[in-house]
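Engineer: Quick one: the structure is below, questions incoming.
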Amino acid sequence: MSVIFRTEGLSKYFDSLKAVDGVDFAVEEGTIHAIIGPNGAGKTTFFNMLTGNFAPTAGKIIFRDEDITGLPPHIITRKGIGRSFQISNIFGGLSVYENVRVAVQATYGDAPGILVRPKWLDEVDEKAQEIIERVGLTQFSRVQAATLSHGDEKRLEIGLVIAANPTLLLFDEPTAGMSLDESHQTMDMLQDLAKRHTIVLIEHDMDLVMSLSKQITVLQNGRKIAEGSPAEIRGNALVQQAYLGTAI
Amino acid sequence: MATSALSAHRRSSWNGLVPLAAWAIVLVLLPWFMQHVLKSNVALATNMLIFGIAALGFNLLYGHTGELSFGHAAFIGLAGYFAAYQILNHGWTWWPALGLAFAATMLFAFILARVIVPRSTGIYFSMLMLAVGQVLLFIGERWNAVTGGDDGLQGIPRPTYILPGSPLNMNNELHFYVLVAVIAWLATLFMWRVVHSPFGAVCHAIRENKQRAEFLGYNVTRYKINAFVLSATLPAIAGVLLGYYDGAVNPGEMNWTESGDIVMMTLLGGAPTFWGPILGAGLFKFMQQYVSNYTQFWEGYIGIVFVGFVLFAPQGIWGLAEAWWRNMRAGRASKTAGAPEASAENAS
């Protein structure tokens with residue numbers, strides 16, 4: 001197993017607040033790696049730097065031996081990093097099919113196709129159908145995305161993310177606001193995705209984190225306080241202190 | 001089976017054979033309808049089409065990409081001035097005047113897009129565009145030597161020669177209508193292709209969710225710049241036609257109230273739809289003429305209608321008609337098959 005993605009001393013300061021402070025982080029190819037930590041630990045800020053939402057104050061981000069620090073989100077996406085957001089991030093006014101189609105189209109470059117109908121459009125159609133099937137939304141193909149249930153919206157978003165066939169998937173709380181049933185379905189889907197993609201996820205649901213991940217990184221007040229396998233994290237005194245009162 | 005059905009749907013929506021053929025029939029029947037049913041005249045139909053072309057272009061940026069410009073009348077006025085200046089001072093004829101006015105206006109739009117689009121969005125974009133229109137209005141009013149000041153440039157003769165061997169004489173209102181109708185149909189064909197192309201799909205995605213579009217790997221700013229430039233093409237052509245139609249151009253064409261009229265036409269007809277702007281422009285121009293026959297407060301009455309639509313039917317008249325048609329079909333389908341289907345095809 002080789003390291004596919006890492007950060008070196010990654011930091012983000014908002015004035016005097018050190019939201020993320022000197023985090024070294026490495027993900028092995030083909031694993032599920034979880035980032036946990038109490039509220040305000042800097043998890044989402046950390047993610048936002050990885051995907052180019054904001055530039056780090058200091059440090060480096062390296063993906064497949066290439067320095068991608070400070071690149072804009074659309075370039076980082078094209079290099080093979082996909083992101084799912086805390087709040088479902090889809091195209092509400094478009095149909096499920098139109099949502100996925102435009103996501104697949106992104107992998108075919110920027111040909112406008114105004115005067116001549118591009119030949120690859122049929123291929124885009126087919127791939128879109130495949131992905132809709134993979135995330136289990138075939139029956140809702142022509143339904144407006146905004147009218148889907150919360151769980152289905154999340155599935156659609158995952159469909160949009162995997163449409164670009166990314167190497168690395170970043171999930172920000174994939175089960176946030178889900179019922180127990182929906183959470184279990186999502187867990188199954190993450191496991192399925194892990195067969196083809198490397199996954200980094202932020203998650204509060206400890207059962208999910210402990211059962212799915214190979215590695216866990218714990219952040220607190222912007223710093224990395226522990227890293228290791230689920231068993232190691234469970235027994236770590238510092239982590240228990242950070243989650244004071246919370247049994248994990 | 002579902003795949004092939006959707007692909008076929010996709011292909012037909014790119015070609016747009018049925019709707020564009022229907023539109024051609026409407027264009028052929030419109031003069032007769034105006035004269036004999038509405039007891040109006042052909043010139044009004046021409047005026048409706050000119051503004052329909054402009055609003056259709058404007059709506060690529062607003063209804064399809066999600067940025068509201070309050071300055072698109074500037075492109076109408078600018079193209080009108082370019083053409084009128086050459087026609088009046090250098091005796092240019094129809095084709096070169098149209099070509100130059102179009103090219104110069106597009107160059108202006110291209111530079112403007114590069115300056116404004118990457119720096120502003122939402123209400124700031126709207127206000128910046130309004131300001132651009134007002135600056136051009138000011139120049140038009142003050143630069144007497146070139147623009148003719150408040151009076152504008154007057155006495156533009158209608159073209160007498162368009163194509164070799166064509167019997168059209170533009171001084172005849174019906175002949176002029178034919179010219180404008182042909183251009184309107186071609187403009188519609190062009191915009192149909194734009195909206196239903198892969199490019200148009202990205203515009204819709206940007207309208208719905210800029211951040212997600214970016215995280216799919218699209219350069220949102222670049223797409224918005226291109227949409228802006230494309231949205232100026234049709235107003236530029238409409239501007240030249242309007243100059244010939246009125247026989248004059250004046251600075252008021254660039255005023256923000258004119259830009260506001262285009263916004264109103266689009267909202268009235270239905271911004272989220274493809275045909276809404278054309279329908280809205282037609283109704284607006286018709287009401288403008290007819291209500292003003294009865295009362296000098298016609299703007300107030302149009303305003304009331306407009307407010308009603310914004311409050312109660314933001315999808316506009318065309319959007320209402322589409323929803324009604326979908327419900328009819330869904331009702332019929334569920335009676336026969338029992339399968340509910342809520343199609344969300346946009347801009348169809």
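Labels used: A, B, ... for chains in the order of the structure tokens, numbers from 1 for residues in each chain, and numbers from 1 for ligands as shown.
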Using only C-alpha atoms, tabulate the residues of chain A lying at most 7 Å from any atom of chain B, each with its closest atom pair and that distance in Å to one decimal, by chain and increasing residue number, as a Markdown table.

Structural biologist:
| residue | atom | partner | partner_atom | distance |
| --- | --- | --- | --- | --- |
| A:Pro73 | CA | B:Phe215 | CA | 6.1 |
| A:His74 | CA | B:Gly217 | CA | 4.0 |
| A:Ile75 | CA | B:Gly217 | CA | 6.3 |
| A:Thr77 | CA | B:Gly217 | CA | 5.1 |
| A:Arg78 | CA | B:Gly217 | CA | 5.4 |
| A:Asn89 | CA | B:Arg212 | CA | 6.1 |
| A:Ile90 | CA | B:Arg212 | CA | 6.5 |
| A:Phe91 | CA | B:Glu208 | CA | 5.1 |
| A:Gly92 | CA | B:Glu208 | CA | 6.4 |
| A:Gly93 | CA | B:Glu208 | CA | 6.3 |
| A:Leu94 | CA | B:Ala344 | CA | 6.3 |
| A:Ser95 | CA | B:Ala344 | CA | 5.2 |
| A:Val102 | CA | B:Ala201 | CA | 6.3 |
| A:Ala103 | CA | B:Leu216 | CA | 5.9 |
| A:Ala106 | CA | B:Gly217 | CA | 6.2 |
| A:Pro112 | CA | B:Phe199 | CA | 4.6 |
| A:Gly113 | CA | B:Ser197 | CA | 5.5 |
| A:Ile114 | CA | B:Val194 | CA | 5.2 |
| A:Leu115 | CA | B:Arg193 | CA | 6.9 |
| A:Asp122 | CA | B:Ser7 | CA | 6.6 |
| A:Asp125 | CA | B:Ser7 | CA | 6.5 |
| A:Glu126 | CA | B:Thr3 | CA | 6.8 |
| A:Gln129 | CA | B:Thr3 | CA | 6.7 |
| A:Arg142 | CA | B:Ser343 | CA | 5.2 |
| A:Val143 | CA | B:Ala342 | CA | 5.4 |
| A:Gln144 | CA | B:Ala344 | CA | 5.1 |

Engineer: Take the residues that were just selected and, keeping C-alpha atoms, output them as an mmCIF file, in the first residue's frame.

Structural biologist:
data_model
loop_
_atom_site.group_PDB
_atom_site.id
_atom_site.type_symbol
_atom_site.label_atom_id
_atom_site.label_comp_id
_atom_site.auth_asym_id
_atom_site.auth_seq_id
_atom_site.Cartn_x
_atom_site.Cartn_y
_atom_site.Cartn_z
ATOM 1 C CA PRO A 73 -11.448 23.780 -6.780
ATOM 2 C CA HIS A 74 -12.225 22.980 -10.427
ATOM 3 C CA ILE A 75 -8.598 22.111 -11.152
ATOM 4 C CA THR A 77 -11.497 18.161 -9.053
ATOM 5 C CA ARG A 78 -10.046 17.475 -12.482
ATOM 6 C CA ASN A 89 -24.989 19.914 -2.661
ATOM 7 C CA ILE A 90 -26.959 19.136 -5.812
ATOM 8 C CA PHE A 91 -28.720 20.998 -8.642
ATOM 9 C CA GLY A 92 -32.171 21.281 -7.053
ATOM 10 C CA GLY A 93 -34.068 22.641 -10.055
ATOM 11 C CA LEU A 94 -32.793 20.014 -12.496
ATOM 12 C CA SER A 95 -33.990 16.435 -12.828
ATOM 13 C CA VAL A 102 -23.845 17.396 -16.376
ATOM 14 C CA ALA A 103 -21.530 15.709 -13.865
ATOM 15 C CA ALA A 106 -17.416 17.400 -16.961
ATOM 16 C CA PRO A 112 -19.611 23.624 -26.206
ATOM 17 C CA GLY A 113 -21.460 21.531 -28.800
ATOM 18 C CA ILE A 114 -23.590 24.432 -29.983
ATOM 19 C CA LEU A 115 -23.313 24.213 -33.776
ATOM 20 C CA ASP A 122 -24.680 9.433 -26.367
ATOM 21 C CA ASP A 125 -26.148 9.564 -21.642
ATOM 22 C CA GLU A 126 -25.186 5.934 -21.113
ATOM 23 C CA GLN A 129 -27.785 6.016 -16.678
ATOM 24 C CA ARG A 142 -36.938 12.370 -14.351
ATOM 25 C CA VAL A 143 -37.914 13.691 -10.941
ATOM 26 C CA GLN A 144 -36.794 17.165 -9.927
#

Engineer: Mind listing the strand (DSSP E or B) residues of range 111-228 of chain A, per DSSP on the backbone, as a list in words?

Structural biologist: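 Matching residues, listed in order: Gln144, Leu168, Leu169, Leu170, Phe171, Asp172, Thr198, Ile199, Val200, Leu201, Ile202, Gln215, Ile216, Thr217, Val218, Leu219, Gln220, Arg223, Lys224, Ile225, Ala226, Glu227 and Gly228 of chain A.
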
Engineer: Applying 12 Å and only C-alpha atoms, which residues near range 144-147 of chain B remain after dropping the ones on its own chain fewer than 5 positions away? List them as a ChimeraX atom specification.

Structural biologist: /B:77-78,80-86,88-89,136-139,152-154,248-252

Engineer: Would you kindly return, as a list in words, each protein, DNA or RNA residue with an atom no farther than 9 Å from any atom of range 224-236 of chain A, considering only C-alpha atoms and excluding same-chain residues fewer than 3 positions away?

Structural biologist: Val20, Asp21, Gly22, Val23, Asp24, Phe25, Val209, Met210, Ser211, Ser213, Lys214, Gln215, Ile216, Thr217, Val218, Leu219, Gln220, Asn221, Val239, Gln240, Gln241 and Ile248 of chain A

Engineer: Within 10 Å of range 104-106 of chain B, counting only C-alpha atoms, which residues qualify if same-chain residues fewer than 6 places away don't, as a PyMOL selection string?

Structural biologist: chain B and resi 74-83+112+229-233+235-237+239

Engineer: If you run DSSP over the backbone, which residues in range 47-159 of chain A end up alpha helix (DSSP H)? Put them as a ChimeraX atom specification.

Structural biologist: /A:47-50,73-78,96-105,121-134,150-159

Engineer: Do you know which residues are at most 8 Å from range 199-203 of chain A counting only C-alpha atoms, after dropping those on the same chain fewer than 2 positions away, and could you put them as a ChimeraX atom specification?

Structural biologist: /A:27,30-36,43-44,168-175,194,197,205-206,208-209

Engineer: Return the single residue from A:Pro56, A:Gly37, A:Gly80, A:Gly42 that is closest to Asn165 in chain A, with distances computed using only C-alpha atoms.

Structural biologist: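 The closest residue to Asn165 in chain A is A:Gly80.
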
Engineer: Excluding range 19-22 of chain B and residues on its chain fewer than 2 positions from it, collect all residues at most 10 Å away from it, counting only C-alpha atoms, and give them as a PyMOL selection string.

Structural biologist: chain B and resi 13+15-17+24-28+185-186+188-189+192+275+348

Engineer: Taking N, CA and C atoms for each residue, export the selection above as a PDB file, in the first residue's frame.

Structural biologist:
ATOM      1  N   SER B  13     -34.278  17.164 -28.293  1.00  0.00           N
ATOM      2  CA  SER B  13     -34.259  18.476 -27.665  1.00  0.00           C
ATOM      3  C   SER B  13     -33.097  19.316 -28.192  1.00  0.00           C
ATOM      4  N   ASN B  15     -32.022  19.096 -31.447  1.00  0.00           N
ATOM      5  CA  ASN B  15     -32.482  19.527 -32.770  1.00  0.00           C
ATOM      6  C   ASN B  15     -33.646  20.498 -32.684  1.00  0.00           C
ATOM      7  N   GLY B  16     -34.559  20.235 -31.791  1.00  0.00           N
ATOM      8  CA  GLY B  16     -35.713  21.102 -31.604  1.00  0.00           C
ATOM      9  C   GLY B  16     -36.606  21.194 -32.825  1.00  0.00           C
ATOM     10  N   LEU B  17     -36.712  20.101 -33.571  1.00  0.00           N
ATOM     11  CA  LEU B  17     -37.457  20.141 -34.834  1.00  0.00           C
ATOM     12  C   LEU B  17     -38.889  20.612 -34.654  1.00  0.00           C
ATOM     13  N   ALA B  24     -41.971  28.596 -36.656  1.00  0.00           N
ATOM     14  CA  ALA B  24     -41.982  29.120 -38.029  1.00  0.00           C
ATOM     15  C   ALA B  24     -43.420  29.359 -38.494  1.00  0.00           C
ATOM     16  N   ILE B  25     -44.302  28.434 -38.146  1.00  0.00           N
ATOM     17  CA  ILE B  25     -45.709  28.594 -38.539  1.00  0.00           C
ATOM     18  C   ILE B  25     -46.312  29.821 -37.853  1.00  0.00           C
ATOM     19  N   VAL B  26     -45.999  29.979 -36.579  1.00  0.00           N
ATOM     20  CA  VAL B  26     -46.488  31.164 -35.854  1.00  0.00           C
ATOM     21  C   VAL B  26     -46.005  32.436 -36.549  1.00  0.00           C
ATOM     22  N   LEU B  27     -44.733  32.440 -36.961  1.00  0.00           N
ATOM     23  CA  LEU B  27     -44.177  33.635 -37.610  1.00  0.00           C
ATOM     24  C   LEU B  27     -44.889  33.932 -38.938  1.00  0.00           C
ATOM     25  N   VAL B  28     -45.257  32.866 -39.644  1.00  0.00           N
ATOM     26  CA  VAL B  28     -45.948  33.059 -40.922  1.00  0.00           C
ATOM     27  C   VAL B  28     -47.355  33.618 -40.691  1.00  0.00           C
ATOM     28  N   TRP B 185     -36.308  33.902 -36.500  1.00  0.00           N
ATOM     29  CA  TRP B 185     -36.309  32.436 -36.496  1.00  0.00           C
ATOM     30  C   TRP B 185     -34.882  31.900 -36.384  1.00  0.00           C
ATOM     31  N   LEU B 186     -33.959  32.498 -37.136  1.00  0.00           N
ATOM     32  CA  LEU B 186     -32.559  32.058 -37.077  1.00  0.00           C
ATOM     33  C   LEU B 186     -31.978  32.299 -35.676  1.00  0.00           C
ATOM     34  N   THR B 188     -33.631  32.322 -32.957  1.00  0.00           N
ATOM     35  CA  THR B 188     -34.231  31.334 -32.057  1.00  0.00           C
ATOM     36  C   THR B 188     -33.558  29.976 -32.223  1.00  0.00           C
ATOM     37  N   LEU B 189     -33.299  29.618 -33.463  1.00  0.00           N
ATOM     38  CA  LEU B 189     -32.591  28.360 -33.738  1.00  0.00           C
ATOM     39  C   LEU B 189     -31.242  28.360 -33.028  1.00  0.00           C
ATOM     40  N   TRP B 192     -31.730  28.160 -29.289  1.00  0.00           N
ATOM     41  CA  TRP B 192     -32.187  26.814 -28.936  1.00  0.00           C
ATOM     42  C   TRP B 192     -31.000  25.862 -28.828  1.00  0.00           C
ATOM     43  N   TRP B 275     -39.169  29.718 -24.253  1.00  0.00           N
ATOM     44  CA  TRP B 275     -40.002  30.595 -25.090  1.00  0.00           C
ATOM     45  C   TRP B 275     -40.551  31.796 -24.348  1.00  0.00           C
ATOM     46  N   SER B 348     -37.776  23.709 -21.821  1.00  0.00           N
ATOM     47  CA  SER B 348     -38.137  22.916 -22.993  1.00  0.00           C
ATOM     48  C   SER B 348     -39.163  23.643 -23.839  1.00  0.00           C
TER      49      SER B 348
END
